[in-house]
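Everything below concerns the one structure shown next.
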Amino acid sequence: MSMRVAEVFGHVIGADAAIRLIAYDGSKSGPDDAEVALRIESPRALARLASAPGTLGLARAYVTGEIEVEGDLYAALSALSDVTLHGVSKADFAKLLATLGPVWLKYRPAPPELEARPRGRLHSKFRDSQAISHHYDVSNRFYEWVLGPSMTYTCAAYPRPDATLEEAQETKYDLVARKLALEPGMRLLDVGCGWGGMVRHAARMGVQALGVTLSREQASWAQEAIRCEGLQELAEVRHLDYRDVPETGFDAVSSIGLTEHIGRKQLGSYFRFLYGKLRPEGRLLNHCITQPRTVNKRKVDPFIGRYVFPDGQLESPGLLMTEMNDAGFEIRHEENLREHYALTLRDWGTNLEEHWAEAVAEVGVGRARVWRLYMAACRLGFELDNIQLHQMLGVKLGEHGASGMPLRGWRAEGVW
């Protein structure tokens, strides 16, 4: 090898990264006083870089234990932000290929088994079911440790910087309910309902709420939670594709964290389907992760796509608003909760660290490391405005353009 191992990794992460590199061949690089360090434990880590430069190669090496992090992982990713968020340039990779190529030929490591490889036509019901199952049918106990008592796996809304995760998730559900102007006796459809948090929140308000999810584990947990709370008369969660919901005439539809799984080509039909489920003057609240601007790249980061959200796609808020509008909705309100998602991921990461031993015992060290990496990387992404979280409120107009909306705000009292 013409370069020592630490030097190779130094070329990948950049000379200015405030991080120490310590390699199995005894080589070192980077500032001695750096708060965090990467330990390259095996030549297989180099082979990972040869086969997949940038985020995917580094992630594979971390997930398999071929790279270890000394210190806080979030701090390490902050120091590595150029490579973790933007990847390695083709020019830099070409320079390294002469060094990395022979290592790859010697080891040729197969991708870790944890990587998702869904089969079938993209965004068909069959393939969507596989993609959702990969991420959500992991272990309800594991999710309880990470997400906390609310079992809510979407961006919270922090009323104060020092609010707890549970307060913030309750605030988010209340925000959605207020935007939809939910009142006792109304009917709500929650698509991609997760563990039924919004369904149960609405039912406690006296709303007849139906939630659907492609995850069998989520549906089972939610149905039990509904029984435990005595909400069976008002709340229901089905293991069902949203496209197979037969009921119609709902007063409101909430889509909280589902649009990311739909795919760009299906957005029009998605919003038209939800439009068709509403009564005149009914409202849709769409809550989803977005790209900050329109770009040619349509897929999520390769690490996220392989390990976390298979087939996931993020679009710009402008495109989503256009698709909602073209499906018939009048757009009445929009806001970006980007900073709130960074705080949510911070708190999920804290929960995981507090239950690390139990999590490893439950789902294995590889999957636990996937989650640790994913949450720290996404937290950084939201902080740096590489990804955003938008809520968009639309209404299905009634006769003569009637919206049923007050002049200001979402409810009759008219306050934003």
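Order determines the names: the first chain of the structure tokens is A, the second B, and so forth; residues in each chain are numbered 1 upward, and ligands are numbered 1 upward as they are shown.
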Can you pull out every residue within 12 Å of Arg243 (chain A), counting only C-alpha atoms, but drop anything in the same chain fewer than 4 positions away, and send it as a VMD selection string? chain A and resid 123 to 125 128 191 to 192 212 to 214 239 247 to 248 262 266 269 to 274 276 to 277
Taking only C-alpha atoms into account, produce a table as a Markdown table in which each residue of region 328-362 of chain A with an atom at most 10 Å from an atom of region 166-188 of chain A appears once, together with its shortest atom pair and the distance in Å to one decimal, ordered by chain and rising number.
```
| residue | atom | partner | partner_atom | distance |
| --- | --- | --- | --- | --- |
| A:Arg332 | CA | A:Lys179 | CA | 9.9 |
| A:His333 | CA | A:Lys179 | CA | 8.8 |
| A:His340 | CA | A:Ala168 | CA | 8.9 |
| A:Leu343 | CA | A:Ala168 | CA | 9.6 |
| A:Thr344 | CA | A:Ala168 | CA | 8.3 |
| A:Asp347 | CA | A:Glu166 | CA | 10.0 |
```
Residues near Arg204 (chain A), anyone? I mean within 9 Å using only C-alpha atoms, not counting same-chain ones fewer than 2 positions away, as JSON, numbers by chain. {"A": [199, 200, 201, 202, 206, 207, 231, 234, 235]}
Output C-alpha atoms of each residue in that selection to a file, as a PDB file, in the first residue's frame.
```
ATOM      1  CA  VAL A 199     -55.627   8.250  16.165  1.00  0.00           C
ATOM      2  CA  ARG A 200     -55.683   7.984  19.955  1.00  0.00           C
ATOM      3  CA  HIS A 201     -55.177  11.736  20.407  1.00  0.00           C
ATOM      4  CA  ALA A 202     -58.184  12.435  18.172  1.00  0.00           C
ATOM      5  CA  GLY A 206     -64.324  12.645  20.806  1.00  0.00           C
ATOM      6  CA  VAL A 207     -63.342  12.223  17.136  1.00  0.00           C
ATOM      7  CA  LEU A 231     -61.032   3.967  23.087  1.00  0.00           C
ATOM      8  CA  LEU A 234     -63.878   5.845  18.619  1.00  0.00           C
ATOM      9  CA  ALA A 235     -60.440   4.622  17.533  1.00  0.00           C
TER      10      ALA A 235
END
```
Just the number, please: distance in Å from CA of Leu258 (chain A) to CA of Cys288 (chain A), one decimal.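 Distance reported for this atom pair: 6.9 Å.
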So, counting only C-alpha atoms, which residue among A:His287, A:Arg293, A:Arg372, A:Arg20 is closest to Leu389 (chain A)? A:His287
How far is it from CA of Gly394 (chain A) to CA of Arg283 (chain A), in Å with one decimal?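 Here the two named atoms are 5.7 Å from each other.
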Would you please extract all strand (DSSP E) residues from region 167-390 of chain A, as assigned by DSSP on the backbone, and give them as a PyMOL selection string? chain A and resi 187-191+208-213+235-239+250-256+278-290+330-336+388-390
Using only C-alpha atoms, which protein or nucleic acid residues come within 7 Å of Val69 (chain A)? Drop anything in the same chain fewer than 5 positions from it, and give the result as a PyMOL selection string. chain A and resi 37-39
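Counting from CA of Val36 (chain A), the distance to CA of Ser78 (chain A) is 10.3 Å.
Ranking A:Glu113, A:Gly10, A:Ala17, A:Lys106 by their shortest atom-to-atom distance to Pro43 (chain A), with only C-alpha atoms included, puts A:Lys106 first.
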If you count only C-alpha atoms, the residue of A:Gly282, A:Gly364, A:Gly196, A:Gly257 closest to Arg227 (chain A) turns out to be A:Gly196
Would you please extract all helix (DSSP H, G or I) residues from region 98-287 of chain A, as assigned by DSSP on the backbone, and give them as JSON, numbers by chain? {"A": [98, 99, 100, 101, 102, 103, 104, 105, 106, 107, 125, 126, 127, 128, 129, 130, 131, 132, 133, 134, 135, 136, 140, 141, 142, 143, 144, 145, 146, 147, 165, 166, 167, 168, 169, 170, 171, 172, 173, 174, 175, 176, 177, 178, 179, 197, 198, 199, 200, 201, 202, 203, 204, 216, 217, 218, 219, 220, 221, 222, 223, 224, 225, 226, 227, 228, 242, 243, 244, 259, 260, 261, 264, 265, 266, 267, 268, 269, 270, 271, 272, 273, 274, 275, 276]}
Quick one: of A:Ala342, A:Ala76, A:Ala219, A:Leu267, who's nearest to Leu165 (chain A), counting only C-alpha atoms? A:Ala342
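Using only C-alpha atoms, the smallest distance between any of A:Thr154, A:Val5, A:Leu73, A:Phe303 and Pro111 (chain A) comes from A:Phe303.
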